[in-house]
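Reproduced below: final.pdb, with PDB, C-alpha atoms and all ligand atoms.
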MODEL        1
ATOM      1  CA  MET A   1     -24.321 -23.299   9.719
ATOM      2  CA  ILE A   2     -22.051 -20.520  10.958
ATOM      3  CA  GLU A   3     -20.478 -18.594   8.109
ATOM      4  CA  THR A   4     -16.723 -18.318   8.371
ATOM      5  CA  LYS A   5     -14.783 -15.214   7.375
ATOM      6  CA  VAL A   6     -11.439 -15.174   5.645
ATOM      7  CA  GLY A   7      -8.941 -12.364   5.304
ATOM      8  CA  VAL A   8      -5.422 -11.784   4.041
ATOM      9  CA  ILE A   9      -3.735  -9.303   6.372
ATOM     10  CA  VAL A  10      -0.411  -7.612   5.666
ATOM     11  CA  ILE A  11       1.702  -6.373   8.572
ATOM     12  CA  ALA A  12       3.832  -3.438   7.428
ATOM     13  CA  GLY A  13       5.980  -0.736   8.956
ATOM     14  CA  ARG A  14       9.546   0.393   9.525
ATOM     15  CA  PRO A  15      12.216  -2.160  10.509
ATOM     16  CA  ASN A  16      12.275  -3.398  14.099
ATOM     17  CA  VAL A  17       8.808  -2.189  15.123
ATOM     18  CA  GLY A  18       7.644  -5.697  16.098
ATOM     19  CA  LYS A  19       5.858  -7.006  12.995
ATOM     20  CA  SER A  20       7.240 -10.543  13.260
ATOM     21  CA  THR A  21       6.685 -10.596  17.019
ATOM     22  CA  LEU A  22       3.008  -9.838  16.383
ATOM     23  CA  VAL A  23       2.600 -12.629  13.841
ATOM     24  CA  ASN A  24       4.290 -15.114  16.183
ATOM     25  CA  ARG A  25       2.126 -13.976  19.091
ATOM     26  CA  ILE A  26      -1.087 -14.388  17.093
ATOM     27  CA  ILE A  27      -0.177 -17.764  15.583
ATOM     28  CA  GLY A  28       1.535 -19.091  18.722
ATOM     29  CA  GLU A  29       4.491 -20.477  16.757
ATOM     30  CA  THR A  30       7.794 -19.107  15.434
ATOM     31  CA  VAL A  31       6.464 -18.219  12.013
ATOM     32  CA  SER A  32       9.052 -15.516  11.527
ATOM     33  CA  ILE A  33      12.347 -14.986  13.318
ATOM     34  CA  VAL A  34      12.680 -12.068  15.742
ATOM     35  CA  THR A  35      15.873 -10.315  16.820
ATOM     36  CA  PRO A  36      16.700  -6.898  18.283
ATOM     37  CA  LYS A  37      18.451  -6.017  15.018
ATOM     38  CA  ALA A  38      16.742  -4.090  12.212
ATOM     39  CA  GLN A  39      15.983  -5.832   8.919
ATOM     40  CA  THR A  40      15.690  -9.287  10.352
ATOM     41  CA  THR A  41      12.836 -10.312   8.052
ATOM     42  CA  ARG A  42      13.903 -10.590   4.409
ATOM     43  CA  GLN A  43      10.831 -11.996   2.692
ATOM     44  CA  SER A  44       7.075 -12.037   2.957
ATOM     45  CA  ILE A  45       6.174 -14.853   5.304
ATOM     46  CA  ARG A  46       2.713 -16.248   5.905
ATOM     47  CA  GLY A  47       1.221 -17.215   9.231
ATOM     48  CA  VAL A  48      -2.238 -18.785   9.261
ATOM     49  CA  LEU A  49      -4.697 -18.296  12.140
ATOM     50  CA  THR A  50      -7.644 -20.679  12.049
ATOM     51  CA  GLU A  51     -10.357 -20.229  14.651
ATOM     52  CA  PRO A  52     -14.170 -20.418  14.968
ATOM     53  CA  ARG A  53     -14.612 -16.961  13.392
ATOM     54  CA  GLY A  54     -12.696 -18.153  10.327
ATOM     55  CA  GLN A  55      -9.188 -17.713   9.031
ATOM     56  CA  LEU A  56      -6.783 -14.801   8.895
ATOM     57  CA  ILE A  57      -3.690 -15.210   6.751
ATOM     58  CA  PHE A  58      -1.035 -12.855   8.082
ATOM     59  CA  ILE A  59       1.746 -11.723   5.784
ATOM     60  CA  ASP A  60       4.770 -10.565   7.753
ATOM     61  CA  THR A  61       6.871  -8.274   5.565
ATOM     62  CA  PRO A  62      10.416  -6.860   5.678
ATOM     63  CA  GLY A  63      10.770  -3.449   7.327
ATOM     64  CA  MET A  64      10.181  -0.599   4.881
ATOM     65  CA  HIS A  65      13.229   1.555   4.233
ATOM     66  CA  ARG A  66      14.868   3.350   1.345
ATOM     67  CA  ALA A  67      16.817   0.657  -0.492
ATOM     68  CA  LYS A  68      19.614   0.843  -3.032
ATOM     69  CA  VAL A  69      18.736  -0.501  -6.454
ATOM     70  CA  GLY A  70      19.813  -3.997  -7.439
ATOM     71  CA  GLY A  71      20.697  -5.617  -4.134
ATOM     72  CA  ILE A  72      19.060  -7.673  -1.417
ATOM     73  CA  ASN A  73      17.416  -4.591   0.096
ATOM     74  CA  GLU A  74      15.599  -3.960  -3.135
ATOM     75  CA  THR A  75      14.233  -7.519  -3.145
ATOM     76  CA  MET A  76      12.985  -6.879   0.403
ATOM     77  CA  ILE A  77      11.147  -3.727  -0.636
ATOM     78  CA  ASP A  78       9.739  -5.536  -3.693
ATOM     79  CA  ALA A  79       8.335  -8.158  -1.345
ATOM     80  CA  VAL A  80       6.500  -5.457   0.617
ATOM     81  CA  LYS A  81       5.140  -3.811  -2.531
ATOM     82  CA  LEU A  82       3.848  -7.113  -3.846
ATOM     83  CA  ALA A  83       2.201  -7.980  -0.542
ATOM     84  CA  LEU A  84       0.461  -4.605  -0.444
ATOM     85  CA  GLU A  85      -1.240  -5.078  -3.797
ATOM     86  CA  ASP A  86      -4.616  -6.376  -2.713
ATOM     87  CA  PRO A  87      -4.948  -7.721   0.822
ATOM     88  CA  ASP A  88      -8.158  -7.500   2.866
ATOM     89  CA  ALA A  89      -6.429  -5.224   5.370
ATOM     90  CA  VAL A  90      -3.039  -3.729   6.177
ATOM     91  CA  VAL A  91      -1.761  -3.252   9.703
ATOM     92  CA  TYR A  92       0.540  -0.234   9.840
ATOM     93  CA  MET A  93       2.722  -0.806  12.875
ATOM     94  CA  VAL A  94       4.581   2.073  14.511
ATOM     95  CA  ASP A  95       7.246   2.025  17.231
ATOM     96  CA  PRO A  96       6.440   4.367  20.148
ATOM     97  CA  ALA A  97       9.978   5.793  19.917
ATOM     98  CA  SER A  98       9.403   6.827  16.301
ATOM     99  CA  GLU A  99       8.680  10.363  15.114
ATOM    100  CA  ALA A 100       6.335  11.581  12.391
ATOM    101  CA  LYS A 101       9.277  12.529  10.172
ATOM    102  CA  HIS A 102      10.735   9.020  10.399
ATOM    103  CA  GLU A 103       7.377   7.566   9.384
ATOM    104  CA  GLU A 104       7.084   9.727   6.294
ATOM    105  CA  PRO A 105       8.463   7.243   3.689
ATOM    106  CA  VAL A 106       6.152   4.531   5.044
ATOM    107  CA  ARG A 107       3.129   6.811   5.541
ATOM    108  CA  GLU A 108       3.515   7.999   1.958
ATOM    109  CA  VAL A 109       3.061   4.434   0.671
ATOM    110  CA  LEU A 110       0.436   3.166   3.116
ATOM    111  CA  VAL A 111      -1.860   6.173   2.890
ATOM    112  CA  LYS A 112      -2.411   5.219  -0.755
ATOM    113  CA  VAL A 113      -3.215   1.527  -0.394
ATOM    114  CA  SER A 114      -6.810   0.800  -1.274
ATOM    115  CA  SER A 115      -7.225  -1.960   1.341
ATOM    116  CA  PRO A 116      -8.476  -0.996   4.816
ATOM    117  CA  LEU A 117      -5.663   0.277   7.037
ATOM    118  CA  VAL A 118      -5.374  -0.396  10.759
ATOM    119  CA  ILE A 119      -2.861   1.863  12.479
ATOM    120  CA  CYS A 120      -1.207   0.398  15.590
ATOM    121  CA  VAL A 121       1.376   1.716  17.982
ATOM    122  CA  ASN A 122       3.259  -1.281  19.381
ATOM    123  CA  LYS A 123       5.408  -1.856  22.498
ATOM    124  CA  SER A 124       2.817  -0.383  24.874
ATOM    125  CA  ASP A 125       4.588  -2.266  27.664
ATOM    126  CA  LEU A 126       7.610   0.003  27.145
ATOM    127  CA  ARG A 127       5.785   3.294  26.787
ATOM    128  CA  PRO A 128       2.357   4.561  25.823
ATOM    129  CA  ALA A 129       1.607   5.778  22.314
ATOM    130  CA  PRO A 130       3.232   9.218  22.060
ATOM    131  CA  LEU A 131       0.974  12.280  21.768
ATOM    132  CA  TRP A 132       1.808  13.049  18.152
ATOM    133  CA  THR A 133       0.389   9.733  16.958
ATOM    134  CA  SER A 134      -3.315  10.505  17.530
ATOM    135  CA  GLU A 135      -3.426  13.633  15.383
ATOM    136  CA  TRP A 136      -1.136  12.002  12.838
ATOM    137  CA  ALA A 137      -3.402   8.937  12.574
ATOM    138  CA  GLN A 138      -6.409  11.246  12.257
ATOM    139  CA  GLN A 139      -4.724  13.031   9.362
ATOM    140  CA  ILE A 140      -4.059   9.722   7.611
ATOM    141  CA  THR A 141      -7.716   8.779   8.084
ATOM    142  CA  GLU A 142      -8.871  12.074   6.547
ATOM    143  CA  GLU A 143      -6.423  11.835   3.690
ATOM    144  CA  ARG A 144      -7.655   8.338   2.832
ATOM    145  CA  GLY A 145     -11.249   9.585   2.701
ATOM    146  CA  HIS A 146     -14.481   7.615   2.989
ATOM    147  CA  TYR A 147     -13.765   5.019   0.343
ATOM    148  CA  ARG A 148     -10.581   3.710   1.863
ATOM    149  CA  LYS A 149     -11.402   2.474   5.338
ATOM    150  CA  THR A 150      -9.065   3.357   8.186
ATOM    151  CA  THR A 151      -9.033   2.266  11.817
ATOM    152  CA  PRO A 152      -6.909   4.840  13.592
ATOM    153  CA  LEU A 153      -4.778   3.967  16.492
ATOM    154  CA  LEU A 154      -4.908   0.781  18.442
ATOM    155  CA  SER A 155      -2.416   0.404  21.242
ATOM    156  CA  LEU A 156      -0.602  -2.909  21.230
ATOM    157  CA  SER A 157       2.048  -4.974  22.897
ATOM    158  CA  ALA A 158       2.949  -7.733  20.479
ATOM    159  CA  GLU A 159       5.300  -9.125  23.094
ATOM    160  CA  LYS A 160       2.933  -9.173  26.069
ATOM    161  CA  GLY A 161      -0.315  -9.589  24.148
ATOM    162  CA  GLN A 162      -2.050  -6.373  25.241
ATOM    163  CA  GLY A 163      -4.486  -5.163  22.576
ATOM    164  CA  VAL A 164      -4.047  -8.218  20.346
ATOM    165  CA  GLN A 165      -7.658  -9.411  20.795
ATOM    166  CA  ASP A 166      -8.954  -5.935  19.880
ATOM    167  CA  LEU A 167      -6.772  -5.981  16.789
ATOM    168  CA  LEU A 168      -8.086  -9.418  15.783
ATOM    169  CA  ALA A 169     -11.665  -8.206  16.239
ATOM    170  CA  ALA A 170     -10.948  -5.216  13.972
ATOM    171  CA  LEU A 171      -9.332  -7.482  11.374
ATOM    172  CA  PHE A 172     -12.204  -9.991  11.342
ATOM    173  CA  GLU A 173     -14.482  -7.022  10.588
ATOM    174  CA  TYR A 174     -12.504  -6.522   7.394
ATOM    175  CA  ALA A 175     -12.403 -10.246   6.540
ATOM    176  CA  LYS A 176     -14.909 -11.505   3.977
ATOM    177  CA  PRO A 177     -17.360 -14.402   4.216
ATOM    178  CA  GLY A 178     -16.012 -17.450   2.449
ATOM    179  CA  PRO A 179     -14.462 -20.894   2.824
ATOM    180  CA  LEU A 180     -11.104 -21.348   4.540
ATOM    181  CA  LEU A 181      -8.109 -20.814   2.239
ATOM    182  CA  TYR A 182      -6.012 -23.333   4.148
ATOM    183  CA  GLY A 183      -8.102 -26.460   4.671
ATOM    184  CA  ASP A 184      -5.569 -28.233   6.876
ATOM    185  CA  GLN A 185      -6.101 -26.826  10.368
ATOM    186  CA  ASP A 186      -2.514 -27.723  11.325
ATOM    187  CA  GLN A 187      -0.914 -25.646   8.600
ATOM    188  CA  TRP A 188       0.254 -22.468  10.338
ATOM    189  CA  THR A 189       2.704 -21.235   7.713
ATOM    190  CA  ASP A 190       3.517 -21.443   4.014
ATOM    191  CA  GLN A 191       7.155 -22.229   4.764
ATOM    192  CA  THR A 192       8.621 -25.719   4.586
ATOM    193  CA  VAL A 193      10.412 -27.246   7.567
ATOM    194  CA  ARG A 194      13.671 -26.752   5.630
ATOM    195  CA  GLN A 195      12.972 -23.051   5.181
ATOM    196  CA  LEU A 196      12.034 -22.655   8.839
ATOM    197  CA  THR A 197      15.252 -24.471   9.810
ATOM    198  CA  ALA A 198      17.392 -22.146   7.665
ATOM    199  CA  GLU A 199      15.683 -19.152   9.246
ATOM    200  CA  LEU A 200      16.313 -20.428  12.786
ATOM    201  CA  ILE A 201      20.015 -20.655  11.950
ATOM    202  CA  ARG A 202      19.951 -17.192  10.409
ATOM    203  CA  LYS A 203      18.389 -15.920  13.628
ATOM    204  CA  GLN A 204      21.449 -17.119  15.544
ATOM    205  CA  LEU A 205      23.739 -15.502  12.978
ATOM    206  CA  MET A 206      21.919 -12.231  13.639
ATOM    207  CA  LEU A 207      22.252 -12.709  17.408
ATOM    208  CA  CYS A 208      25.771 -14.152  17.676
ATOM    209  CA  LEU A 209      27.656 -12.061  15.109
ATOM    210  CA  GLY A 210      28.327  -8.304  15.159
ATOM    211  CA  ASP A 211      26.457  -5.484  13.480
ATOM    212  CA  GLU A 212      27.554  -6.105   9.899
ATOM    213  CA  ILE A 213      28.324  -9.763   9.144
ATOM    214  CA  PRO A 214      24.717 -10.974   9.631
ATOM    215  CA  TYR A 215      23.639  -8.862   6.671
ATOM    216  CA  SER A 216      26.136 -10.708   4.451
ATOM    217  CA  THR A 217      24.923 -14.165   5.419
ATOM    218  CA  ALA A 218      22.472 -16.640   3.959
ATOM    219  CA  VAL A 219      21.721 -20.211   4.983
ATOM    220  CA  GLU A 220      21.071 -23.187   2.757
ATOM    221  CA  VAL A 221      19.908 -26.605   3.951
ATOM    222  CA  ASP A 222      21.960 -29.234   2.103
ATOM    223  CA  GLU A 223      20.593 -32.369   3.730
ATOM    224  CA  PHE A 224      17.589 -33.100   5.904
ATOM    225  CA  LYS A 225      17.207 -36.768   6.744
ATOM    226  CA  GLU A 226      14.114 -37.131   8.875
ATOM    227  CA  ALA A 227      14.132 -40.919   8.807
ATOM    228  CA  GLU A 228      17.417 -41.055  10.750
ATOM    229  CA  LYS A 229      17.676 -40.871  14.530
ATOM    230  CA  PRO A 230      18.753 -38.294  15.494
ATOM    231  CA  VAL A 231      17.457 -36.379  12.463
ATOM    232  CA  GLN A 232      20.471 -35.458  10.334
ATOM    233  CA  ILE A 233      20.551 -31.851   9.174
ATOM    234  CA  HIS A 234      23.472 -30.364   7.268
ATOM    235  CA  CYS A 235      23.536 -26.698   6.339
ATOM    236  CA  THR A 236      25.885 -24.239   4.697
ATOM    237  CA  ILE A 237      26.232 -20.685   5.920
ATOM    238  CA  TYR A 238      27.230 -18.363   3.095
ATOM    239  CA  CYS A 239      29.039 -15.089   3.597
ATOM    240  CA  GLU A 240      30.685 -12.635   1.197
ATOM    241  CA  ARG A 241      34.362 -12.567   2.179
ATOM    242  CA  ASP A 242      37.089 -14.815   3.599
ATOM    243  CA  SER A 243      37.510 -12.489   6.577
ATOM    244  CA  GLN A 244      33.817 -12.988   7.412
ATOM    245  CA  LYS A 245      34.196 -16.740   7.112
ATOM    246  CA  GLY A 246      36.946 -16.602   9.726
ATOM    247  CA  MET A 247      34.762 -14.594  12.097
ATOM    248  CA  ILE A 248      31.805 -16.959  11.704
ATOM    249  CA  ILE A 249      33.957 -20.014  12.437
ATOM    250  CA  GLY A 250      35.844 -18.261  15.243
ATOM    251  CA  ALA A 251      39.074 -19.295  16.947
ATOM    252  CA  GLY A 252      39.176 -23.088  17.150
ATOM    253  CA  GLY A 253      35.629 -23.231  15.748
ATOM    254  CA  LYS A 254      34.221 -21.618  18.897
ATOM    255  CA  LYS A 255      31.789 -19.247  17.184
ATOM    256  CA  ILE A 256      30.244 -21.773  14.819
ATOM    257  CA  LYS A 257      29.783 -24.157  17.759
ATOM    258  CA  GLU A 258      28.004 -21.408  19.673
ATOM    259  CA  ILE A 259      25.724 -20.717  16.693
ATOM    260  CA  GLY A 260      24.893 -24.408  16.261
ATOM    261  CA  ALA A 261      24.307 -24.952  19.982
ATOM    262  CA  ALA A 262      21.875 -22.024  20.086
ATOM    263  CA  ALA A 263      19.996 -23.029  16.914
ATOM    264  CA  ARG A 264      19.685 -26.760  17.632
ATOM    265  CA  PRO A 265      17.125 -26.645  20.498
ATOM    266  CA  GLU A 266      14.856 -24.417  18.418
ATOM    267  CA  ILE A 267      15.145 -26.748  15.434
ATOM    268  CA  GLU A 268      14.440 -29.737  17.698
ATOM    269  CA  LYS A 269      11.289 -28.005  18.928
ATOM    270  CA  LEU A 270      10.233 -27.451  15.333
ATOM    271  CA  VAL A 271      10.985 -30.997  14.177
ATOM    272  CA  GLY A 272       9.773 -32.580  17.410
ATOM    273  CA  GLU A 273      12.835 -34.829  17.618
ATOM    274  CA  LYS A 274      16.527 -34.863  18.524
ATOM    275  CA  VAL A 275      18.622 -33.367  15.790
ATOM    276  CA  PHE A 276      22.234 -33.596  14.652
ATOM    277  CA  LEU A 277      23.103 -30.225  13.153
ATOM    278  CA  GLY A 278      26.161 -29.970  10.927
ATOM    279  CA  LEU A 279      27.187 -26.459   9.876
ATOM    280  CA  ARG A 280      29.830 -25.373   7.412
ATOM    281  CA  VAL A 281      30.757 -21.946   6.061
ATOM    282  CA  LYS A 282      31.388 -20.973   2.445
ATOM    283  CA  VAL A 283      32.150 -17.723   0.659
ATOM    284  CA  ALA A 284      29.824 -16.566  -2.133
ATOM    285  CA  PRO A 285      31.458 -13.283  -3.140
ATOM    286  CA  GLU A 286      29.071 -10.314  -3.348
ATOM    287  CA  TRP A 287      25.980 -12.534  -3.261
ATOM    288  CA  THR A 288      23.832  -9.741  -1.775
ATOM    289  CA  ARG A 289      24.403  -7.700  -4.922
ATOM    290  CA  ASN A 290      24.117 -10.391  -7.571
ATOM    291  CA  ALA A 291      20.686 -11.140  -9.060
ATOM    292  CA  THR A 292      21.431 -14.800  -9.853
ATOM    293  CA  GLN A 293      22.827 -15.480  -6.407
ATOM    294  CA  LEU A 294      19.958 -13.653  -4.713
ATOM    295  CA  LYS A 295      17.526 -15.858  -6.580
ATOM    296  CA  ARG A 296      19.472 -18.942  -5.621
ATOM    297  CA  PHE A 297      19.054 -18.083  -1.933
ATOM    298  CA  GLY A 298      15.340 -17.460  -2.451
ATOM    299  CA  TYR A 299      15.428 -13.658  -2.399
ATOM    300  CA  LYS A 300      13.321 -12.740  -5.355
ATOM    301  CA  LYS A 301       9.917 -11.359  -6.125
ATOM    302  CA  ARG A 302       7.490 -13.981  -4.920
ATOM    303  CA  GLY A 303       4.047 -14.764  -6.281
ATOM    304  CA  LYS A 304       1.173 -13.545  -4.147
ATOM    305  CA  SER A 305      -0.152 -16.953  -3.300
TER     306      SER A 305
HETATM  307  N1  LIG A 401       9.070  -4.405  24.764
HETATM  308  C1  LIG A 401       8.594  -4.849  23.600
HETATM  309  N2  LIG A 401       9.449  -5.254  22.657
HETATM  310  C2  LIG A 401       8.933  -5.685  21.488
HETATM  311  C3  LIG A 401       7.534  -5.740  21.236
HETATM  312  N3  LIG A 401       7.356  -6.210  19.999
HETATM  313  C4  LIG A 401       8.584  -6.462  19.490
HETATM  314  N4  LIG A 401       9.532  -6.148  20.384
HETATM  315  C5  LIG A 401      10.995  -6.272  20.220
HETATM  316  O1  LIG A 401      11.391  -5.452  19.138
HETATM  317  C6  LIG A 401      12.482  -6.071  18.415
HETATM  318  C7  LIG A 401      12.125  -6.214  16.949
HETATM  319  O2  LIG A 401      11.064  -7.131  16.831
HETATM  320  P1  LIG A 401      10.712  -7.818  15.441
HETATM  321  O3  LIG A 401       9.416  -8.545  15.624
HETATM  322  O4  LIG A 401      11.871  -8.580  14.922
HETATM  323  O5  LIG A 401      10.488  -6.513  14.542
HETATM  324  P2  LIG A 401      10.184  -6.456  12.978
HETATM  325  O6  LIG A 401       9.293  -5.270  12.782
HETATM  326  O7  LIG A 401       9.700  -7.746  12.487
HETATM  327  O8  LIG A 401      11.631  -6.123  12.415
HETATM  328  P3  LIG A 401      12.211  -6.346  10.903
HETATM  329  O9  LIG A 401      11.974  -7.767  10.529
HETATM  330  O10 LIG A 401      13.640  -6.035  11.065
HETATM  331  O11 LIG A 401      11.488  -5.365  10.037
HETATM  332  C8  LIG A 401      12.736  -7.401  19.110
HETATM  333  O12 LIG A 401      13.787  -7.232  20.031
HETATM  334  C9  LIG A 401      11.427  -7.680  19.832
HETATM  335  O13 LIG A 401      11.589  -8.496  20.973
HETATM  336  C10 LIG A 401       6.651  -5.306  22.278
HETATM  337  O14 LIG A 401       5.436  -5.305  22.176
HETATM  338  N5  LIG A 401       7.240  -4.865  23.439
HETATM  339 MG    MG A 402      10.490  -9.022  11.084
ENDMDL
END
Could you spell out this file's structure in structure tokens?
Ligand SMILES: Nc1nc2c(ncn2[C@@H]2O[C@H](COP(=O)(O)OP(=O)(O)OP(=O)(O)O)[C@@H](O)[C@H]2O)c(=O)[nH]1
Ligand SMILES: [Mg+2]
Amino acid sequence: MIETKVGVIVIAGRPNVGKSTLVNRIIGETVSIVTPKAQTTRQSIRGVLTEPRGQLIFIDTPGMHRAKVGGINETMIDAVKLALEDPDAVVYMVDPASEAKHEEPVREVLVKVSSPLVICVNKSDLRPAPLWTSEWAQQITEERGHYRKTTPLLSLSAEKGQGVQDLLAALFEYAKPGPLLYGDQDQWTDQTVRQLTAELIRKQLMLCLGDEIPYSTAVEVDEFKEAEKPVQIHCTIYCERDSQKGMIIGAGGKKIKEIGAAARPEIEKLVGEKVFLGLRVKVAPEWTRNATQLKRFGYKKRGKS
């Protein structure tokens, strides 16, 4: 009998470096939404890769940044901290346009994690890993010493796939022999279809609205009737102010139609059927700063498993 290996792998790094793109590329599904805007991912999200070598459970995390106390950004940073507690390996992903000084707040945290660390420079299709990264990765390796394993510098393109097989090989080295954690081979995420649906709508809010409103929005699925044809899905988009509500709906409802039209095909792909998508907009004043409201929308410290 071939012994399978299992590993929990955290993907960490600054916002917008391509963490979610990597998880989606490896799993081959939209586990985690991707947009060109920073701080797209708000929670730890699991993607499960099952293959003959065994199983890797990837935890995509929010981008690490300095967050104000008490708001949604703090819940995002909490999610990263919790994920980093005891995985089998951590992938530290760096953008090739970054600089050592920008990495400092992240380096400071990741150099200390006891799990093995794999340092990757992503977006190799855009530009090669900059010169500073090799010495910098070497320094991290030395600082971590012999007891904390470090794999310095893999070059990667999460978008095009370059280097992904090498990364998987490195990660399976750090995985441990054992039975699969997820027995159902078809389970590729820990999220429910409702949660995935809400995220696909949030993706369109990120893409279709300006630079600020997306960060004030949350999506709740009110109804999901799979037995009906087409599948009936009704969701509420929450924002913080009346003025934002107006912008999300748009003149004559144009904007909300655009958002729904863009989200629906992706939801149909997920559900595997035609979907009727009803969207409405409500104001939940200051929800990004209110602990009860944050919890209501699912932004809280989550258990590790
Ligand atoms: N050219 C190129 N673009 C990439 C690559 N990986 C990610 N991107 C782009 O970088 C942007 C951010 O990607 P995400 O996967 O959302 O980044 P993230 O690190 O998850 O970002 P946050 O969730 O905000 O922390 C998107 O526009 C991606 O298409 C890559 O390998 N090459
Ligand atoms: Mg992300």
Inset, instruction - Find the residue from A:Tyr147, A:Tyr215, A:Trp136, A:Phe172 that sits nearest to ligand LIG 401 (chain A); use only C-alpha atoms and all ligand atoms when measuring. - result: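 Among the listed residues, the smallest separation from ligand LIG 401 (chain A) belongs to A:Tyr215.
Note that atom CA of A:Asp184 and atom CA of A:Thr40 are 28.7 Å apart.
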Inset, instruction - Pick out the closest residue to A:Trp287 from this set: A:Val17, A:Leu84, A:Val8, A:Cys239. Count only C-alpha atoms. - result: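 Nearest to A:Trp287: A:Cys239.
Comparing A:Gln39, A:Ser32, A:Gln165, A:Ser216 by their smallest distance to ligand LIG 401 (chain A), the closest is A:Gln39 (using all atoms listed in the file).
For A:Ile249, the list of residues within 10 Å, based on all atoms listed in the file and with local chain neighbours fewer than 4 positions off taken out, reads A:Gln244, A:Lys245, A:Gly253, A:Lys254, A:Lys255, A:Ile256, A:Lys257, A:Glu258, A:Ile259, A:Leu279, A:Arg280, A:Val281.
Atom CA of A:Gly163 is positioned 18.6 Å from atom O12 of ligand LIG 401 (chain A).
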Inset, instruction - Just give me the gap between atom O12 of ligand LIG 401 (chain A) and atom CA of A:Ser157 in Å, one decimal is fine. - result: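 Pair atom O12 of ligand LIG 401 (chain A) / atom CA of A:Ser157 returns 12.3 Å.
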Legend entry - Minimum-distance residue to A:Ile45, chosen among A:Ile33, A:Leu167, A:Leu117, A:Ile201 (using only C-alpha atoms):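 When distances to A:Ile45 are compared using only C-alpha atoms, the smallest one comes from A:Ile33.
Closest approach to A:Glu74 among A:Ala137, A:Lys229, A:Thr30, A:Pro62: A:Pro62, based on all atoms listed in the file.
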Inset, instruction - Could you list the residues chosen by the PyMOL selection byres (((chain A and resi 140-146) around 10) and not hetatm) in this structure as a count of residues only? - result: 23
Inset, instruction - Identify which of the residues A:Val69, A:Leu156, A:Ala100, A:Leu205 lies closest to ligand LIG 401 (chain A), counting only C-alpha atoms and all ligand atoms when measuring atom-to-atom distances. - result: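 Nearest to ligand LIG 401 (chain A): A:Leu156.
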Which residues of chain A come within 6 Å of ligand LIG 401 (chain A), and for each one, what is the closest pair of atoms and their distance in Å to one decimal, counting only C-alpha atoms and all ligand atoms, sorted by chain and residue number, as a Markdown table?
| residue | atom | partner | partner_atom | distance |
| --- | --- | --- | --- | --- |
| A:Pro15 | CA | A:LIG401 | O11 | 3.3 |
| A:Asn16 | CA | A:LIG401 | O8 | 3.3 |
| A:Val17 | CA | A:LIG401 | O6 | 3.9 |
| A:Gly18 | CA | A:LIG401 | O5 | 3.3 |
| A:Lys19 | CA | A:LIG401 | O6 | 3.9 |
| A:Ser20 | CA | A:LIG401 | O3 | 3.8 |
| A:Thr21 | CA | A:LIG401 | O3 | 3.7 |
| A:Val34 | CA | A:LIG401 | O4 | 3.7 |
| A:Thr35 | CA | A:LIG401 | O4 | 4.8 |
| A:Pro36 | CA | A:LIG401 | O12 | 3.4 |
| A:Ala38 | CA | A:LIG401 | O10 | 3.8 |
| A:Gln39 | CA | A:LIG401 | O10 | 3.2 |
| A:Thr40 | CA | A:LIG401 | O10 | 3.9 |
| A:Thr41 | CA | A:LIG401 | O9 | 3.7 |
| A:Pro62 | CA | A:LIG401 | O11 | 4.7 |
| A:Gly63 | CA | A:LIG401 | O11 | 3.4 |
| A:Asn122 | CA | A:LIG401 | O14 | 5.4 |
| A:Lys123 | CA | A:LIG401 | O14 | 3.5 |
| A:Asp125 | CA | A:LIG401 | N5 | 5.6 |
| A:Leu126 | CA | A:LIG401 | N1 | 5.2 |
| A:Ser157 | CA | A:LIG401 | O14 | 3.5 |
| A:Ala158 | CA | A:LIG401 | O14 | 3.9 |
| A:Glu159 | CA | A:LIG401 | O14 | 3.9 |
Inset, instruction - Specify as JSON, numbers by chain each residue included when the PyMOL selection byres (((chain A and resi 86) around 10) and not hetatm) is applied to this file. - result: {"A": [8, 9, 10, 82, 83, 84, 85, 87, 88, 89, 90, 113, 114, 115, 304]}
